[in-house]
Structures are given as structure tokens and as C-alpha cells.
Amino acid sequence: MLTQAIWWTTNLLEAILLGRAAWRKFIKVYPLFYTYLAYVLLESLARFYVYVWQPPLYTNFYWGTQGVSVLLGFAVVWEIFRKALARYPGAFRMVRASFVVIVVVVTAKILANVLAGESWSLAATIAEEERDFRVVQAFLLLAVVGLVSFYRIQIGRNLRGMMLGYGFFIGTSVLNLTFRSYFGDGFQIWWQYLQPAAYVLVLLVWCVTLWPYQPNPEPGAESRIEQDYQALVNATRHRFRQVRAHVGRTVRS
Amino acid sequence: MTSTILFLTVGSCLLVVLFLFLHASSPSSKINGRSQAQEVLNTLQAELLPNWFVDRLFSKEDREFASSQEAPGILQLFDSERKSVALSWLRQTRDYVAQLMDFHVRLSRQRPDLSPATEVKLTFEYVQFQLLCKVLAAMIRMLGPVRVRAVAEHAADMATHLGEVSEKALASLDEVVPVKVAPN
């Protein structure tokens, strides 16, 4: 009964979020995030159909669709990264480099474990595979949050909510999946409540923070440093245009 | 078991970091323009970091002179005063370097030509400098300035290097305009 209530609540909240964003026309501003949300909603309804009408297929269907949602999760992380740093090319380069380092380190770790005969990457269960992917997402989010703080980048309410909500979801997923993997089926009774309950919290965070459209504040409003730099860039562009015009006139004459 | 602990640590870390991120307020910058940065850099280089100044502040000659005086309590007074001056110097130096680093960070986040490797190295040096300052402050309090001269010189060298990096960053603002065009 409780799981049913949680399930219907999540669907309702997802529909509200999608409807609100579509109505206020900011669904296009965060396309990957809302694609993810739409997918999760459709996936949930499809699972319900399979659960009721094709019960023997449910387990495979569940983990198959879950795999797609995990991959779409990377798109959400990418959207957070892209939107947070769009106006900060230096910080963008730094985060991109961190992403490369994380992917290389994780791949090296997987290869090392495979060569050593451990099954860290070739997980014994799909749940473990999901956990491994969520751990990578956790590292990526840690890099984004760390560098956003380090570079004192001000982010708007929408993106802050996206980061907090998705980060909370990833953090709790990693913990839940690890416990499930460690305790096995004994944890299933907790799993069926904890994971959806955490997701309801995430959706509530998103409902609050994504209700009105509030983009990131303009960079440099608090500081003249960026304005100095931007002024120099604009001056350079202006002078380049002058040079082009000058060269053009010289060639023509 | 090791993997389980690792995964639990990663998950918990993310939740803690998000909690801190939620409650963190963006520190306001003391430097709000290029001229202010130049001013801070000049003060650091000209007033706080000259070799003669650091040498004198941490030299044993002054203390030997004070100890040679017959007036009672003069050595204790000298030690106490010199200690507070040394701590004040350290505090100011650290504060100025922090302001320049903040300026550098705010500047570099906008720069498309940023080199991640250089930034990581610089951040590492800055963290080293901050730690060294904390150690040096503790040593000054415990041992007095005279006995920590070598460490103080090392801290001053690091501050000088970080100042030079800021100097280059300031100079690079001019390099953004490489073309000189004769007026039409």
C-alpha cells in the first residue's frame, strides 16, 4: 500500500514538473534534464503495465529500462556542467579536464580489477553495474560542485536545485545499491521503501527549485574583473575588424 | 569489503559535500578591479616581502643586542614585541596572497586559454603556502621569530612566487590586445 502511494506520488510530481516547465516554456532551456524526467515517467508507467499484465517479464524489463535511465543520468550531469559553466570558459576547461581524469582513472581501475580477476566492472548483478555507474556520476558531480565552489561561480535557483536533487539521488542510490549488494536479498524489504522515498524527496526539491524559471545570474555583476577582461576582448575584436577593413581597402586599392 | 567501504564513502561524501554546498555563502571579493589587484601586489612586493625586511624581522642580531642591554625585562619585552610584529607580518602576507589568489581565480575562470595543469599546480602551491603559514604561526608562538628564520624565508619565497604569478596574470590582460593598428 505504501509503495503504491509512493509510486503514484512520484508519477504525479514528475508530471507536475514537466507540465509546469512546458507551460512556462523553460522546458527547452534544460532539454536533457526534462528528457530524463519524461523518460523516468514513461518508464514508470510502462513498468506498471508490465507488472500488471506481463509479470514474468517484469524483472528483466525493470533492469533493462533502469540501464537506460542510468545512461540518461550522465546527460543530466552534462547539462548541469554545461549550464553552470557556460559563461566561464576557463572554469569550463578545468571541469572538462577533471572529467577526462575521472574517466581515465575509473577505466584504469576497472581494467586493473578485471586483470586482477576481480569483478568490479563486470558486476555479478545488474544492481552492482548500476552502482558502479552511479559512483562515476557521483565523482563527476563532486568535481562540478568542487569547481563551482572553487571558482566562486554563482548559479541560479534552477540549477542549484538540479544539482542538489540529482546529487542527493545519486548519493542515496550509491548507498542503497551498496547495501543491497552487500546484504543481498535481505535488504530488499528496505530497498523497496528507501529508494522510492529518497526519490520523492528529490522530486520535492525539484518542484520547489524549478517552479519559477530562475536562470544563473550574469557573471561579473559583482566584480569588475570580468568586465575588464571582457572590455579587452571586445577591444581586440574591434581592432581586428579595423585591421581587416584596413587590409581590405589596401588590397582593393 | 574494501569496495563496499569505498562505495559507502563516495555516497556519503557526495551527500556531505551537497549539504555544505547548500549552506555555503559565496565570499565577497576584496579586490574588485585590476587597479586594486595591482595595489595589493605592490604592497606585497614592496613592503612585505623584500629580503632585507624579512631578514631583519627574523634576525638574531637585534635579539643579541637586546640581550646585551642591562635594563631588566628588556629581552622579554623585545621577544614579545618581535613576536607580535612577526605574527602581524605573517597574517598580512597571508591575507594579501589570499586576495591575489582570489583575484587570479576570478580572472582565470573567464579565460578560454586557461591551462588546467598550471592551475592545479598553482592551487597546490597555494595550499602548501597556507599550510606553511599555519605551521610558521605556531612555531613563532612557541619558539619565537629568531629560531624560525629559515621557515619564514621559505614562506616569503613562496609568497613571492605566488605574487609573480599574479603579476603575470595582470600583465597578460594587456597581451589580450596584441594588434597595433595605425589610426585611419
# chains A, B, ... in the order shown; residues from 1 in each chain; ligands from 1
>>> interface_residues(of="chain B", to="chain A", cutoff="7 Å", atoms="only C-alpha atoms", output="mmCIF file with C-alpha atoms, in the first residue's frame")
data_model
loop_
_atom_site.group_PDB
_atom_site.id
_atom_site.type_symbol
_atom_site.label_atom_id
_atom_site.label_comp_id
_atom_site.auth_asym_id
_atom_site.auth_seq_id
_atom_site.Cartn_x
_atom_site.Cartn_y
_atom_site.Cartn_z
ATOM 1 C CA THR B 4 31.876 -1.718 -0.109
ATOM 2 C CA PHE B 7 31.312 2.947 -2.298
ATOM 3 C CA LEU B 8 29.788 3.898 1.040
ATOM 4 C CA GLY B 11 27.993 8.093 -1.462
ATOM 5 C CA SER B 12 28.346 9.692 1.980
ATOM 6 C CA LEU B 14 28.592 13.359 -2.028
ATOM 7 C CA LEU B 15 25.767 13.904 0.481
ATOM 8 C CA LEU B 18 25.994 18.792 -1.155
ATOM 9 C CA SER B 26 29.891 32.981 -1.707
ATOM 10 C CA ASN B 32 37.064 44.342 -7.386
ATOM 11 C CA GLY B 33 39.231 45.548 -10.179
ATOM 12 C CA ARG B 34 42.580 45.473 -11.822
ATOM 13 C CA VAL B 105 40.682 32.542 -9.630
ATOM 14 C CA ARG B 106 38.039 35.083 -10.665
ATOM 15 C CA LEU B 107 40.137 36.089 -13.632
ATOM 16 C CA SER B 108 41.089 32.601 -14.760
ATOM 17 C CA ARG B 109 37.510 31.281 -14.740
ATOM 18 C CA GLN B 110 36.828 33.615 -17.667
ATOM 19 C CA ARG B 111 39.911 32.748 -19.675
ATOM 20 C CA PRO B 112 39.490 30.356 -22.573
ATOM 21 C CA ASP B 113 43.278 29.843 -22.713
ATOM 22 C CA LEU B 114 43.453 28.510 -19.135
ATOM 23 C CA PRO B 116 44.372 23.058 -16.254
ATOM 24 C CA LEU B 173 45.491 41.281 -19.527
ATOM 25 C CA VAL B 176 44.979 40.188 -24.916
ATOM 26 C CA VAL B 177 45.329 43.137 -27.306
ATOM 27 C CA VAL B 181 46.738 49.477 -35.800
#
>>> residues_around(residues="Ala137 of chain B", least_positions_apart="6", cutoff="12 Å", atoms="only C-alpha atoms", output="ChimeraX atom specification")
/B:83-91,93-94,130-131,143-145,148,151-152,155
>>> residues_around(residues="segment 200-206 of chain A", least_positions_apart="4", cutoff="12 Å", atoms="only C-alpha atoms", output="PyMOL selection string")
chain A and resi 3+5-18+20-21+33-34+37+40-41+157-173+193-196+210-213
>>> atom_distance(atom1="atom CA of Tyr126 of chain B", atom2="atom CA of Glu164 of chain B")
12.7 Å
>>> closest_residue(among="A:Lys109, A:Ala127, A:Pro215, A:Tyr49", to="Gly184 of chain A", atoms="only C-alpha atoms")
A:Ala127
>>> closest_residue(among="A:Phe133, A:Trp23, A:Tyr51, A:Phe61", to="Phe74 of chain A", atoms="only C-alpha atoms")
A:Phe133
>>> decode(residues="segment 12-24 of chain B", atoms="N, CA and C atoms", output="mmCIF file, in the first residue's frame")
data_model
loop_
_atom_site.group_PDB
_atom_site.id
_atom_site.type_symbol
_atom_site.label_atom_id
_atom_site.label_comp_id
_atom_site.auth_asym_id
_atom_site.auth_seq_id
_atom_site.Cartn_x
_atom_site.Cartn_y
_atom_site.Cartn_z
ATOM 1 N N SER B 12 28.460 8.793 0.828
ATOM 2 C CA SER B 12 28.346 9.692 1.980
ATOM 3 C C SER B 12 29.017 11.027 1.689
ATOM 4 N N CYS B 13 30.195 10.956 1.042
ATOM 5 C CA CYS B 13 30.941 12.176 0.688
ATOM 6 C C CYS B 13 30.079 13.116 -0.143
ATOM 7 N N LEU B 14 29.417 12.539 -1.137
ATOM 8 C CA LEU B 14 28.592 13.359 -2.028
ATOM 9 C C LEU B 14 27.483 14.047 -1.223
ATOM 10 N N LEU B 15 26.852 13.315 -0.319
ATOM 11 C CA LEU B 15 25.767 13.904 0.481
ATOM 12 C C LEU B 15 26.297 15.021 1.388
ATOM 13 N N VAL B 16 27.471 14.783 1.987
ATOM 14 C CA VAL B 16 28.055 15.811 2.868
ATOM 15 C C VAL B 16 28.430 17.057 2.063
ATOM 16 N N VAL B 17 29.083 16.832 0.902
ATOM 17 C CA VAL B 17 29.500 17.966 0.061
ATOM 18 C C VAL B 17 28.281 18.780 -0.380
ATOM 19 N N LEU B 18 27.211 18.082 -0.735
ATOM 20 C CA LEU B 18 25.994 18.792 -1.155
ATOM 21 C C LEU B 18 25.402 19.590 -0.003
ATOM 22 N N PHE B 19 25.458 19.020 1.190
ATOM 23 C CA PHE B 19 24.949 19.725 2.366
ATOM 24 C C PHE B 19 25.759 21.006 2.606
ATOM 25 N N LEU B 20 27.092 20.876 2.494
ATOM 26 C CA LEU B 20 27.955 22.048 2.686
ATOM 27 C C LEU B 20 27.708 23.074 1.584
ATOM 28 N N PHE B 21 27.530 22.579 0.371
ATOM 29 C CA PHE B 21 27.288 23.455 -0.781
ATOM 30 C C PHE B 21 25.990 24.238 -0.592
ATOM 31 N N LEU B 22 24.994 23.564 -0.021
ATOM 32 C CA LEU B 22 23.698 24.201 0.217
ATOM 33 C C LEU B 22 23.827 25.345 1.212
ATOM 34 N N HIS B 23 24.700 25.172 2.204
ATOM 35 C CA HIS B 23 24.826 26.168 3.264
ATOM 36 C C HIS B 23 25.972 27.153 3.050
ATOM 37 N N ALA B 24 26.732 26.941 1.978
ATOM 38 C CA ALA B 24 27.886 27.830 1.742
ATOM 39 C C ALA B 24 27.412 29.147 1.158
#
